[in-house]
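Below: model.cif (mmCIF, C-alpha atoms and all ligand atoms)
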```cif
data_structure
loop_
_atom_site.label_atom_id
_atom_site.label_comp_id
_atom_site.auth_asym_id
_atom_site.auth_seq_id
_atom_site.Cartn_x
_atom_site.Cartn_y
_atom_site.Cartn_z
CA MET A 1 -6.97 -63.68 17.01
CA PRO A 2 -7.24 -60.09 15.72
CA ASN A 3 -8.66 -57.36 17.98
CA THR A 4 -10.79 -54.46 16.91
CA VAL A 5 -11.24 -51.63 19.41
CA ILE A 6 -13.84 -48.98 18.66
CA LEU A 7 -13.67 -45.59 20.41
CA GLY A 8 -17.26 -44.31 20.73
CA GLY A 9 -20.42 -46.39 20.62
CA SER A 10 -23.17 -44.35 19.00
CA VAL A 11 -24.48 -45.00 15.50
CA ALA A 12 -21.07 -45.04 13.78
CA GLY A 13 -19.13 -47.09 16.34
CA PHE A 14 -21.97 -49.50 17.04
CA SER A 15 -22.47 -50.07 13.30
CA VAL A 16 -18.86 -51.22 12.94
CA ALA A 17 -19.33 -53.80 15.70
CA ALA A 18 -22.63 -55.01 14.24
CA GLY A 19 -21.24 -55.00 10.69
CA LEU A 20 -18.16 -57.00 11.66
CA ARG A 21 -20.23 -59.67 13.33
CA ASP A 22 -22.69 -59.79 10.40
CA ALA A 23 -19.72 -60.26 8.10
CA GLY A 24 -18.42 -63.21 10.14
CA TYR A 25 -15.48 -61.48 11.86
CA THR A 26 -14.12 -63.91 14.43
CA GLY A 27 -11.72 -61.58 16.24
CA SER A 28 -12.54 -59.76 19.46
CA VAL A 29 -14.61 -56.58 19.26
CA THR A 30 -14.54 -53.98 22.04
CA ILE A 31 -16.41 -50.69 22.20
CA ILE A 32 -15.20 -48.04 24.65
CA ASP A 33 -17.77 -45.33 25.45
CA PRO A 34 -18.59 -43.39 28.64
CA HIS A 35 -22.32 -44.15 28.30
CA GLU A 36 -24.04 -47.19 29.78
CA THR A 37 -24.90 -48.59 26.37
CA ALA A 38 -25.09 -47.70 22.68
CA LEU A 39 -27.50 -44.80 22.27
CA ASP A 40 -28.97 -43.14 19.21
CA ARG A 41 -29.29 -39.35 18.95
CA PRO A 42 -31.96 -38.24 16.44
CA PRO A 43 -34.93 -39.19 18.68
CA LEU A 44 -33.56 -36.95 21.46
CA SER A 45 -34.70 -33.65 19.93
CA THR A 46 -38.06 -34.93 18.76
CA GLU A 47 -39.55 -37.97 20.55
CA TYR A 48 -37.51 -38.03 23.78
CA LEU A 49 -37.87 -34.34 24.63
CA VAL A 50 -41.65 -34.51 24.49
CA GLY A 51 -42.45 -38.13 25.23
CA ASP A 52 -42.15 -40.83 27.82
CA ASP A 53 -40.89 -44.32 27.28
CA VAL A 54 -38.73 -43.54 24.27
CA ASP A 55 -36.10 -46.22 23.72
CA LEU A 56 -32.81 -44.72 22.57
CA ALA A 57 -30.81 -47.94 22.70
CA LEU A 58 -29.38 -49.08 19.37
CA ALA A 59 -29.59 -52.69 20.60
CA PRO A 60 -30.88 -54.53 23.67
CA ASP A 61 -28.29 -55.50 26.32
CA THR A 62 -28.52 -59.14 25.26
CA TRP A 63 -27.23 -58.21 21.80
CA PHE A 64 -23.75 -57.60 23.22
CA THR A 65 -23.50 -61.04 24.82
CA ASP A 66 -25.14 -62.77 21.88
CA ASN A 67 -22.62 -61.16 19.51
CA ALA A 68 -19.55 -61.33 21.76
CA VAL A 69 -19.07 -57.57 21.67
CA THR A 70 -17.53 -56.15 24.84
CA TRP A 71 -18.87 -52.78 26.01
CA VAL A 72 -16.39 -50.92 28.20
CA GLN A 73 -18.03 -47.97 29.94
CA ASP A 74 -15.06 -45.62 29.98
CA THR A 75 -13.35 -42.84 28.04
CA ALA A 76 -10.48 -43.61 25.68
CA LEU A 77 -7.58 -41.29 26.43
CA GLY A 78 -5.16 -42.20 23.68
CA PHE A 79 -3.80 -44.80 21.29
CA GLU A 80 -0.72 -45.84 19.37
CA SER A 81 -0.19 -48.51 16.75
CA GLY A 82 -1.53 -51.75 18.31
CA ALA A 83 -2.95 -50.34 21.56
CA VAL A 84 -5.66 -48.13 23.06
CA TRP A 85 -5.88 -46.96 26.66
CA THR A 86 -8.27 -45.45 29.17
CA ALA A 87 -7.28 -44.15 32.62
CA ASN A 88 -7.34 -47.69 34.03
CA GLN A 89 -6.94 -50.17 31.19
CA ARG A 90 -4.90 -50.89 28.10
CA PHE A 91 -6.34 -52.82 25.14
CA ALA A 92 -4.40 -54.59 22.39
CA ALA A 93 -5.80 -53.44 19.05
CA ASP A 94 -4.96 -54.56 15.52
CA HIS A 95 -7.68 -52.26 14.24
CA ILE A 96 -8.56 -48.98 15.96
CA VAL A 97 -11.75 -47.20 14.90
CA ILE A 98 -12.21 -43.60 16.04
CA ALA A 99 -15.97 -42.93 16.27
CA THR A 100 -16.01 -40.22 18.94
CA GLY A 101 -18.52 -38.00 17.12
CA ALA A 102 -18.77 -34.32 17.84
CA THR A 103 -19.45 -31.84 20.61
CA PRO A 104 -21.77 -28.87 20.29
CA ARG A 105 -20.53 -25.30 19.94
CA THR A 106 -22.03 -22.85 22.37
CA LEU A 107 -22.66 -19.11 22.64
CA ASP A 108 -21.11 -16.71 25.10
CA LEU A 109 -24.21 -14.98 26.50
CA PRO A 110 -25.28 -13.79 29.96
CA GLU A 111 -28.52 -15.90 29.93
CA PRO A 112 -28.32 -19.61 30.80
CA VAL A 113 -27.21 -21.26 27.54
CA TYR A 114 -28.06 -24.91 26.92
CA THR A 115 -26.52 -27.09 24.26
CA PHE A 116 -28.10 -30.26 22.94
CA ARG A 117 -26.29 -33.44 22.03
CA THR A 118 -26.55 -36.03 24.77
CA LEU A 119 -29.14 -37.76 26.88
CA ALA A 120 -27.99 -35.61 29.83
CA ASP A 121 -28.55 -32.46 27.72
CA ALA A 122 -32.07 -33.65 26.85
CA ASP A 123 -32.85 -34.42 30.49
CA ALA A 124 -31.62 -30.96 31.54
CA LEU A 125 -33.90 -29.30 28.97
CA ARG A 126 -36.88 -31.48 29.86
CA ASP A 127 -36.53 -30.14 33.41
CA VAL A 128 -36.77 -26.50 32.37
CA LEU A 129 -38.98 -26.36 29.25
CA GLY A 130 -42.69 -26.04 29.86
CA PRO A 131 -45.73 -23.78 29.61
CA GLY A 132 -44.91 -20.10 29.94
CA VAL A 133 -41.15 -20.55 29.63
CA SER A 134 -39.67 -18.20 27.08
CA VAL A 135 -36.88 -19.77 25.06
CA ALA A 136 -34.59 -18.45 22.34
CA ILE A 137 -33.15 -21.07 20.02
CA ALA A 138 -30.17 -20.06 17.91
CA GLY A 139 -29.12 -22.03 14.85
CA GLY A 140 -29.32 -22.39 11.11
CA GLY A 141 -29.25 -26.16 10.67
CA LEU A 142 -31.61 -29.08 11.27
CA LEU A 143 -31.48 -29.03 15.03
CA ALA A 144 -32.92 -25.56 15.73
CA PRO A 145 -36.28 -26.21 13.97
CA GLU A 146 -36.53 -29.68 15.55
CA LEU A 147 -35.96 -28.25 19.03
CA ALA A 148 -38.38 -25.40 18.30
CA THR A 149 -41.04 -27.97 17.36
CA SER A 150 -40.60 -29.85 20.65
CA ALA A 151 -40.33 -26.71 22.80
CA LYS A 152 -43.59 -25.41 21.33
CA GLN A 153 -45.24 -28.76 21.92
CA LEU A 154 -44.17 -28.50 25.57
CA GLY A 155 -45.96 -25.15 25.81
CA ALA A 156 -42.91 -22.88 25.74
CA GLN A 157 -42.88 -19.52 23.98
CA VAL A 158 -40.35 -20.02 21.23
CA THR A 159 -38.20 -17.57 19.28
CA VAL A 160 -35.80 -18.94 16.68
CA TYR A 161 -32.81 -16.82 15.64
CA THR A 162 -31.47 -17.98 12.32
CA PRO A 163 -29.28 -15.96 9.95
CA GLN A 164 -30.40 -18.08 6.99
CA VAL A 165 -33.15 -20.38 5.82
CA PRO A 166 -32.08 -23.55 7.66
CA ALA A 167 -30.75 -26.57 5.80
CA THR A 168 -31.02 -25.23 2.22
CA GLU A 169 -27.92 -27.26 1.33
CA ILE A 170 -29.87 -30.39 2.34
CA PHE A 171 -33.45 -29.75 1.21
CA GLY A 172 -32.81 -27.23 -1.58
CA GLU A 173 -35.87 -25.16 -2.52
CA LEU A 174 -38.05 -27.14 -0.13
CA ALA A 175 -36.17 -25.58 2.79
CA GLU A 176 -38.17 -22.40 2.05
CA GLN A 177 -41.40 -24.29 2.72
CA LEU A 178 -40.06 -25.62 5.99
CA TYR A 179 -39.01 -22.10 6.92
CA ALA A 180 -42.49 -20.75 6.09
CA THR A 181 -44.11 -23.43 8.26
CA MET A 182 -41.76 -22.63 11.14
CA SER A 183 -42.47 -18.90 10.79
CA ASP A 184 -46.23 -19.62 11.03
CA GLN A 185 -45.77 -21.57 14.23
CA VAL A 186 -43.16 -19.63 16.22
CA GLU A 187 -41.44 -16.26 16.18
CA VAL A 188 -38.52 -16.31 13.77
CA VAL A 189 -35.85 -13.59 13.82
CA PRO A 190 -33.73 -13.65 10.66
CA ARG A 191 -30.35 -12.94 12.21
CA ARG A 192 -27.74 -14.36 14.56
CA LEU A 193 -28.44 -14.25 18.27
CA THR A 194 -25.87 -12.00 19.93
CA VAL A 195 -25.52 -10.02 23.17
CA ASP A 196 -27.06 -7.05 21.35
CA GLU A 197 -30.53 -8.68 21.45
CA GLU A 198 -32.96 -8.04 24.31
CA LEU A 199 -32.01 -11.18 26.10
CA ASP A 200 -33.94 -10.32 29.30
CA ARG A 201 -37.15 -11.50 27.68
CA PHE A 202 -35.88 -15.10 27.57
CA ASP A 203 -35.67 -17.53 30.45
CA LEU A 204 -33.12 -19.58 28.59
CA VAL A 205 -31.24 -19.88 25.36
CA ILE A 206 -30.49 -23.04 23.40
CA ALA A 207 -27.43 -22.92 21.18
CA ALA A 208 -27.91 -25.19 18.16
CA VAL A 209 -25.05 -23.56 16.31
CA GLY A 210 -23.13 -26.51 14.98
CA VAL A 211 -20.60 -28.97 16.29
CA GLU A 212 -16.87 -29.48 16.59
CA PRO A 213 -15.43 -32.92 15.81
CA ALA A 214 -14.37 -34.70 19.02
CA VAL A 215 -10.74 -35.20 18.03
CA GLN A 216 -9.08 -34.96 21.45
CA VAL A 217 -8.29 -38.67 21.63
CA ALA A 218 -6.41 -38.44 18.32
CA GLU A 219 -4.32 -35.41 19.24
CA ASN A 220 -0.55 -36.06 19.46
CA THR A 221 -0.95 -39.54 18.00
CA GLY A 222 0.43 -38.73 14.56
CA VAL A 223 -3.04 -38.90 12.99
CA THR A 224 -3.74 -35.96 10.68
CA ILE A 225 -6.42 -33.62 12.02
CA ASP A 226 -7.91 -30.76 10.04
CA ASP A 227 -11.56 -29.99 10.85
CA GLY A 228 -11.91 -33.63 11.94
CA VAL A 229 -9.69 -36.68 11.64
CA VAL A 230 -8.68 -36.69 7.99
CA VAL A 231 -9.38 -39.95 6.13
CA ASP A 232 -9.36 -41.36 2.61
CA GLU A 233 -12.45 -42.74 0.80
CA HIS A 234 -12.06 -45.97 2.79
CA TYR A 235 -12.08 -44.01 6.07
CA ARG A 236 -8.43 -44.93 6.73
CA THR A 237 -6.31 -42.36 8.52
CA ASN A 238 -2.66 -41.80 7.70
CA LEU A 239 -1.71 -44.39 10.39
CA ALA A 240 -1.94 -48.05 9.38
CA GLY A 241 -4.77 -49.89 11.16
CA VAL A 242 -6.43 -46.68 12.40
CA TYR A 243 -9.77 -45.58 10.91
CA ALA A 244 -12.14 -42.68 11.65
CA ILE A 245 -15.85 -42.64 10.88
CA GLY A 246 -19.03 -40.64 11.47
CA ASP A 247 -19.11 -37.04 12.68
CA VAL A 248 -15.49 -37.01 13.85
CA CYS A 249 -13.95 -37.55 10.42
CA ARG A 250 -13.59 -35.68 7.16
CA ILE A 251 -12.68 -37.19 3.81
CA HIS A 252 -9.56 -35.26 2.76
CA ASP A 253 -11.09 -33.44 -0.24
CA GLN A 254 -14.63 -32.99 1.07
CA PRO A 255 -16.44 -30.99 3.75
CA ARG A 256 -17.20 -32.79 7.02
CA GLN A 257 -20.57 -34.64 7.13
CA ASP A 258 -22.50 -34.70 10.36
CA HIS A 259 -25.55 -36.78 9.51
CA TRP A 260 -26.73 -40.08 10.86
CA ASP A 261 -26.59 -41.94 7.56
CA HIS A 262 -22.96 -40.96 7.09
CA GLY A 263 -22.17 -42.62 10.43
CA ARG A 264 -23.70 -45.84 9.20
CA ALA A 265 -22.26 -45.70 5.69
CA SER A 266 -18.72 -44.90 6.86
CA ALA A 267 -18.91 -47.79 9.35
CA ALA A 268 -19.94 -50.18 6.56
CA ARG A 269 -16.94 -49.09 4.53
CA VAL A 270 -14.52 -49.77 7.41
CA VAL A 271 -16.04 -53.21 7.92
CA HIS A 272 -15.17 -54.04 4.30
CA THR A 273 -11.60 -52.82 4.77
CA ILE A 274 -11.09 -54.86 7.93
CA MET A 275 -12.65 -57.94 6.32
CA GLY A 276 -10.73 -57.41 3.06
CA THR A 277 -13.96 -57.50 1.06
CA GLU A 278 -15.05 -55.34 -1.86
CA PRO A 279 -17.69 -52.72 -0.90
CA ASP A 280 -20.88 -52.36 -2.95
CA ALA A 281 -21.29 -49.08 -4.80
CA PRO A 282 -22.09 -46.51 -2.11
CA LEU A 283 -25.73 -45.51 -1.67
CA PRO A 284 -26.44 -41.80 -2.09
CA GLN A 285 -26.48 -39.97 1.24
CA TRP A 286 -29.86 -39.78 2.94
CA VAL A 287 -30.83 -37.11 5.48
CA TRP A 288 -34.14 -36.55 7.22
CA SER A 289 -35.63 -34.11 9.70
CA ASP A 290 -38.96 -34.14 11.53
CA GLN A 291 -40.10 -30.60 12.12
CA PHE A 292 -43.44 -28.83 12.62
CA GLY A 293 -45.41 -31.81 11.37
CA HIS A 294 -43.31 -32.31 8.25
CA ASP A 295 -41.30 -35.40 7.41
CA ALA A 296 -38.53 -33.79 5.35
CA GLN A 297 -36.13 -36.12 3.55
CA ALA A 298 -33.39 -35.76 0.98
CA VAL A 299 -31.14 -38.14 -0.89
CA GLY A 300 -28.06 -37.31 -2.95
CA ARG A 301 -27.43 -33.69 -3.90
CA VAL A 302 -30.34 -31.28 -4.34
CA ILE A 303 -28.56 -28.10 -5.44
CA PRO A 304 -28.09 -28.29 -9.22
CA GLN A 305 -24.74 -27.42 -10.79
CA ALA A 306 -24.52 -25.42 -14.02
CA HIS A 307 -25.14 -28.31 -16.45
CA GLU A 308 -27.89 -29.94 -14.32
CA HIS A 309 -31.49 -28.95 -13.95
CA LEU A 310 -34.14 -28.94 -11.31
CA VAL A 311 -37.43 -30.81 -11.82
CA HIS A 312 -40.48 -30.15 -9.65
CA ARG A 313 -43.03 -32.85 -8.95
CA GLY A 314 -46.04 -31.12 -7.41
CA ASP A 315 -45.30 -28.73 -4.56
CA ASN A 316 -43.55 -31.17 -2.26
CA ALA A 317 -40.81 -32.86 -4.26
CA ILE A 318 -37.79 -31.80 -6.30
CA PHE A 319 -35.22 -33.70 -8.34
CA VAL A 320 -31.82 -32.76 -9.72
CA VAL A 321 -31.18 -34.32 -13.11
CA ASP A 322 -28.04 -34.49 -15.23
CA GLY A 323 -28.95 -35.71 -18.75
CA ASP A 324 -30.86 -38.93 -18.05
CA GLN A 325 -29.31 -39.48 -14.63
CA LEU A 326 -30.87 -38.56 -11.30
CA ILE A 327 -28.41 -36.87 -8.92
CA GLY A 328 -30.61 -36.14 -5.92
CA ALA A 329 -34.12 -35.60 -4.61
CA ALA A 330 -35.86 -33.92 -1.68
CA ALA A 331 -39.44 -34.31 -0.56
CA LEU A 332 -41.80 -33.25 2.20
CA ASP A 333 -44.15 -35.94 3.52
CA GLU A 334 -43.43 -38.13 0.48
CA ARG A 335 -41.44 -41.08 1.76
CA MET A 336 -42.06 -43.15 -1.36
CA ILE A 337 -40.38 -40.55 -3.54
CA ILE A 338 -37.18 -40.72 -1.52
CA ARG A 339 -37.22 -44.50 -1.53
CA ALA A 340 -37.71 -44.54 -5.30
CA ALA A 341 -35.06 -41.86 -5.87
CA THR A 342 -32.53 -43.84 -3.81
CA ARG A 343 -33.16 -46.87 -5.99
CA ILE A 344 -32.97 -44.89 -9.23
CA ILE A 345 -29.69 -43.19 -8.24
CA SER A 346 -27.97 -46.26 -6.84
CA ARG A 347 -28.87 -48.40 -9.86
CA GLY A 348 -28.16 -45.68 -12.41
CA ILE A 349 -31.66 -46.08 -13.89
CA ALA A 350 -32.24 -43.59 -16.73
CA VAL A 351 -34.94 -40.97 -16.05
CA ASP A 352 -37.03 -38.70 -18.22
CA PRO A 353 -37.51 -35.30 -16.53
CA GLU A 354 -41.04 -34.97 -17.97
CA GLN A 355 -42.07 -38.26 -16.43
CA LEU A 356 -40.48 -37.35 -13.10
CA ALA A 357 -42.55 -34.17 -13.06
CA ASP A 358 -45.79 -35.90 -14.01
CA THR A 359 -47.73 -36.71 -10.83
CA ASP A 360 -50.07 -38.95 -12.87
CA ILE A 361 -47.17 -41.37 -13.36
CA SER A 362 -46.46 -43.41 -10.25
CA ILE A 363 -42.94 -42.89 -8.98
CA ARG A 364 -42.52 -46.61 -8.53
CA GLN A 365 -43.04 -47.09 -12.23
CA LEU A 366 -39.95 -44.98 -12.87
CA THR A 367 -37.76 -47.26 -10.78
CA ARG A 368 -38.03 -49.99 -13.40
CA LYS A 369 -35.07 -50.21 -15.75
CA ARG A 370 -35.96 -49.19 -19.28
C1 LIG B 401 -30.49 -34.10 18.82
C2 LIG B 401 -29.96 -34.55 17.51
C3 LIG B 401 -30.84 -34.80 16.46
C4 LIG B 401 -30.35 -35.24 15.23
N1 LIG B 401 -31.24 -35.46 14.22
C5 LIG B 401 -30.77 -35.90 13.04
C6 LIG B 401 -31.69 -36.14 11.97
O1 LIG B 401 -32.90 -35.93 12.09
N2 LIG B 401 -31.18 -36.60 10.79
C7 LIG B 401 -29.83 -36.84 10.62
O2 LIG B 401 -29.43 -37.26 9.53
N3 LIG B 401 -28.95 -36.61 11.61
C8 LIG B 401 -29.38 -36.15 12.81
N4 LIG B 401 -28.50 -35.91 13.83
C9 LIG B 401 -27.06 -36.15 13.60
C10 LIG B 401 -26.68 -37.57 13.95
O3 LIG B 401 -27.29 -37.99 15.13
C11 LIG B 401 -25.17 -37.67 14.06
O4 LIG B 401 -24.64 -37.40 12.78
C12 LIG B 401 -24.72 -39.03 14.54
O5 LIG B 401 -25.14 -39.25 15.87
C13 LIG B 401 -23.20 -39.17 14.46
O6 LIG B 401 -22.85 -40.40 14.97
P1 LIG B 401 -21.40 -40.71 15.55
O7 LIG B 401 -21.47 -42.10 16.07
O8 LIG B 401 -20.38 -40.34 14.54
O9 LIG B 401 -21.16 -39.67 16.75
P2 LIG B 401 -21.95 -39.42 18.10
O10 LIG B 401 -23.40 -39.70 17.94
O11 LIG B 401 -21.54 -38.06 18.55
O12 LIG B 401 -21.35 -40.50 19.11
C14 LIG B 401 -20.03 -40.47 19.54
C15 LIG B 401 -19.89 -41.34 20.77
O13 LIG B 401 -18.52 -41.36 21.14
C16 LIG B 401 -18.40 -41.21 22.54
N5 LIG B 401 -17.07 -40.66 22.83
C17 LIG B 401 -16.61 -39.40 22.62
N6 LIG B 401 -15.32 -39.30 23.01
C18 LIG B 401 -14.97 -40.52 23.45
C19 LIG B 401 -13.75 -41.07 23.97
N7 LIG B 401 -12.64 -40.33 24.11
N8 LIG B 401 -13.74 -42.37 24.33
C20 LIG B 401 -14.83 -43.14 24.17
N9 LIG B 401 -16.00 -42.68 23.68
C21 LIG B 401 -16.06 -41.39 23.33
C22 LIG B 401 -19.55 -40.28 22.90
O14 LIG B 401 -19.86 -40.39 24.26
C23 LIG B 401 -20.65 -40.81 21.98
O15 LIG B 401 -21.38 -41.83 22.59
C24 LIG B 401 -28.96 -35.45 15.06
C25 LIG B 401 -28.07 -35.18 16.11
C26 LIG B 401 -28.56 -34.74 17.32
C27 LIG B 401 -27.59 -34.44 18.44
#
```

Target format structure tokens, applied to this file:
Amino acid sequence: MPNTVILGGSVAGFSVAAGLRDAGYTGSVTIIDPHETALDRPPLSTEYLVGDDVDLALAPDTWFTDNAVTWVQDTALGFESGAVWTANQRFAADHIVIATGATPRTLDLPEPVYTFRTLADADALRDVLGPGVSVAIAGGGLLAPELATSAKQLGAQVTVYTPQVPATEIFGELAEQLYATMSDQVEVVPRRLTVDEELDRFDLVIAAVGVEPAVQVAENTGVTIDDGVVVDEHYRTNLAGVYAIGDVCRIHDQPRQDHWDHGRASAARVVHTIMGTEPDAPLPQWVWSDQFGHDAQAVGRVIPQAHEHLVHRGDNAIFVVDGDQLIGAAALDERMIIRAATRIISRGIAVDPEQLADTDISIRQLTRKR
């Protein structure tokens, strides 16, 4: 009976286990992760930080028994072809999936600096954030505005230091609108946070300044590492039977992706490889962020290249179009548009830019093949 051992049990690792069972895999499936169970991360910065009773589990405990997936609460220390080990145990493994994610970068400052990635990080911040607390949040990605939203909701006085309009590469022009909303709600300083700032005015600093892939387990194993575990389009490493997915990996000719949907999509791809089945055409990448009352979403690529053009649909949606093909879309508070754009892109449905721009034409109508 074949064995699959998965190192890391958040969205990417868990999705491999679930995908294998859905696909009828009859071998043994083991997930090794230091946490008690499989936890999701996106709700940490939004719902969990400000709310009670937020369930972060990717599946109930019964799921593991029902699906014969073994959860080993431990840290994987290394692997070689056919085996994985922790400090106390060794596991036979025909397939090894590295899904160890990423760890946050921090800032070297005299004030207490918090980072934000895990449940423990969220608990630590919940203990200190509250009315009257003055917090500086540094970062130019999705996380800084999300944390700023929650910190403000908790009554803290928030200052965001960002050297750029956050997440323009994800939301394109719409990132400017998100930035304007954030600037209305909290103090925004348009530069990096360094020791040269007046740090005394803050009780604490949160560094949301990006992540490093958690590659330690793959070091000295012969696996190629270069800003993440390097993989091919099937998420195979250079060692036979060893795969890497989610935030820890990078496809050899592409930048590293650290978004939730990539964790899920890369897992699905590995399931096909292990099962020897043909994958469907990949869906365009989807990213979302909840910040300052906006539901921001994007699918595909929203920065046009030279031969492509940008189409606006009202104030809250943009599309990138190449000839009659849709390449990507971003929208604020317009879920239907993203759903429709995903369908149009993945099915290669021809679009007419004038119709896309016309808010009198329902977007659903454009998802029908002409
Ligand atoms: C607060 C927050 C909010 C986010 N919000 C969004 C959002 O709105 N939209 C979006 O698209 N993305 C968002 N993301 C990004 C998204 O959550 C990540 O891309 C996703 O979690 C990556 O999944 P992963 O399974 O690859 O890695 P991770 O989630 O990092 O999980 C890796 C797991 O591996 C375990 N592990 C590490 N080393 C070992 C080892 N040696 N042995 C065993 N286990 C190990 C870790 O404990 C962890 O459980 C957010 C991330 C954070 C932190």

Quick one: everything within 10 Å of segment 143-159 of chain A, counting all atoms listed in the file, minus sequence neighbours fewer than 2 positions away in the same chain. Send it as a ChimeraX atom specification. /A:42,44-51,116-117,125-126,128-141,161-162,166-167,178-179,182-183,185-189,202-203,205-210,289-293

Hey, can you spit out that residue selection with C-alpha atoms as a compact mmCIF listing (two decimals), in the coordinates of the input?
```
# COMPACT_ATOMS: atom_id res chain seq x y z
CA PRO A 42 -31.96 -38.24 16.44
CA LEU A 44 -33.56 -36.95 21.46
CA SER A 45 -34.70 -33.65 19.93
CA THR A 46 -38.06 -34.93 18.76
CA GLU A 47 -39.55 -37.97 20.55
CA TYR A 48 -37.51 -38.03 23.78
CA LEU A 49 -37.87 -34.34 24.63
CA VAL A 50 -41.65 -34.51 24.49
CA GLY A 51 -42.45 -38.13 25.23
CA PHE A 116 -28.10 -30.26 22.94
CA ARG A 117 -26.29 -33.44 22.03
CA LEU A 125 -33.90 -29.30 28.97
CA ARG A 126 -36.88 -31.48 29.86
CA VAL A 128 -36.77 -26.50 32.37
CA LEU A 129 -38.98 -26.36 29.25
CA GLY A 130 -42.69 -26.04 29.86
CA PRO A 131 -45.73 -23.78 29.61
CA GLY A 132 -44.91 -20.10 29.94
CA VAL A 133 -41.15 -20.55 29.63
CA SER A 134 -39.67 -18.20 27.08
CA VAL A 135 -36.88 -19.77 25.06
CA ALA A 136 -34.59 -18.45 22.34
CA ILE A 137 -33.15 -21.07 20.02
CA ALA A 138 -30.17 -20.06 17.91
CA GLY A 139 -29.12 -22.03 14.85
CA GLY A 140 -29.32 -22.39 11.11
CA GLY A 141 -29.25 -26.16 10.67
CA TYR A 161 -32.81 -16.82 15.64
CA THR A 162 -31.47 -17.98 12.32
CA PRO A 166 -32.08 -23.55 7.66
CA ALA A 167 -30.75 -26.57 5.80
CA LEU A 178 -40.06 -25.62 5.99
CA TYR A 179 -39.01 -22.10 6.92
CA MET A 182 -41.76 -22.63 11.14
CA SER A 183 -42.47 -18.90 10.79
CA GLN A 185 -45.77 -21.57 14.23
CA VAL A 186 -43.16 -19.63 16.22
CA GLU A 187 -41.44 -16.26 16.18
CA VAL A 188 -38.52 -16.31 13.77
CA VAL A 189 -35.85 -13.59 13.82
CA PHE A 202 -35.88 -15.10 27.57
CA ASP A 203 -35.67 -17.53 30.45
CA VAL A 205 -31.24 -19.88 25.36
CA ILE A 206 -30.49 -23.04 23.40
CA ALA A 207 -27.43 -22.92 21.18
CA ALA A 208 -27.91 -25.19 18.16
CA VAL A 209 -25.05 -23.56 16.31
CA GLY A 210 -23.13 -26.51 14.98
CA SER A 289 -35.63 -34.11 9.70
CA ASP A 290 -38.96 -34.14 11.53
CA GLN A 291 -40.10 -30.60 12.12
CA PHE A 292 -43.44 -28.83 12.62
CA GLY A 293 -45.41 -31.81 11.37
```

Measure the distance from atom C17 of ligand LIG 401 (chain B) to atom CA of Asp247 of chain A in Å and round it to one decimal. 10.5 Å

At a cut-off of 6 Å around ligand LIG 401 (chain B), and using all atoms listed in the file, what residues come up? Please write them as a PyMOL selection string. chain A and resi 7-13+32-34+41-42+44-45+75-77+99-102+117+143+217+246-248+258-261+263+287-289

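Each of A:Arg201, A:Arg21, A:Arg236, A:Arg347 was compared to Glu111 of chain A using all atoms listed in the file, and A:Arg201 turns out to be the nearest.
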
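Ranking A:Ile6, A:Ala267, A:Ala92, A:Val320 by their shortest atom-to-atom distance to Val72 of chain A, with only C-alpha atoms included, puts A:Ile6 first.
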
Polymer residues at most 12 Å from segment 353-356 of chain A, all atoms listed in the file, same-chain spacing of 2 or more positions, as number ranges by chain: A: 308-314, 317-327, 329, 337, 340-341, 344, 350-351, 358-367

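One distance worth recording is that between atom CA of Thr224 of chain A and atom CA of Ile251 of chain A, which is 11.3 Å.
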
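You can rank A:Ala331, A:Ala17, A:Val29, A:Val271 by their closest distance to Gly172 of chain A using all atoms listed in the file, and at the top of that list sits A:Ala331.
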
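Between atom CA of Asn220 of chain A and atom CA of Gln257 of chain A lies a distance of 23.6 Å.
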
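Counting all atoms listed in the file, the residue from A:Ala281, A:Met1, A:Val302, A:Ile274 that sits nearest to Gly348 of chain A is A:Ala281.
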
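Nearest residue to Gln285 of chain A among A:Asn316, A:Thr273, A:Thr342, A:Thr86 is A:Thr342, counting only C-alpha atoms.
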
When you get a chance, write out N, CA and C atoms for segment 222-228 of chain A, as a compact mmCIF listing (two decimals), keeping the file's coordinate frame.
```
# COMPACT_ATOMS: atom_id res chain seq x y z
N GLY A 222 -0.12 -38.62 15.92
CA GLY A 222 0.43 -38.73 14.56
C GLY A 222 -0.65 -38.78 13.50
N VAL A 223 -1.92 -38.91 13.93
CA VAL A 223 -3.04 -38.90 12.99
C VAL A 223 -3.26 -37.46 12.50
N THR A 224 -3.52 -37.30 11.21
CA THR A 224 -3.74 -35.96 10.68
C THR A 224 -5.13 -35.45 11.07
N ILE A 225 -5.15 -34.24 11.61
CA ILE A 225 -6.42 -33.62 12.02
C ILE A 225 -6.54 -32.27 11.33
N ASP A 226 -7.67 -32.05 10.67
CA ASP A 226 -7.91 -30.76 10.04
C ASP A 226 -9.43 -30.65 9.86
N ASP A 227 -10.10 -29.97 10.77
CA ASP A 227 -11.56 -29.99 10.85
C ASP A 227 -12.06 -31.44 10.87
N GLY A 228 -11.59 -32.20 11.83
CA GLY A 228 -11.91 -33.63 11.94
C GLY A 228 -10.67 -34.47 11.66
```
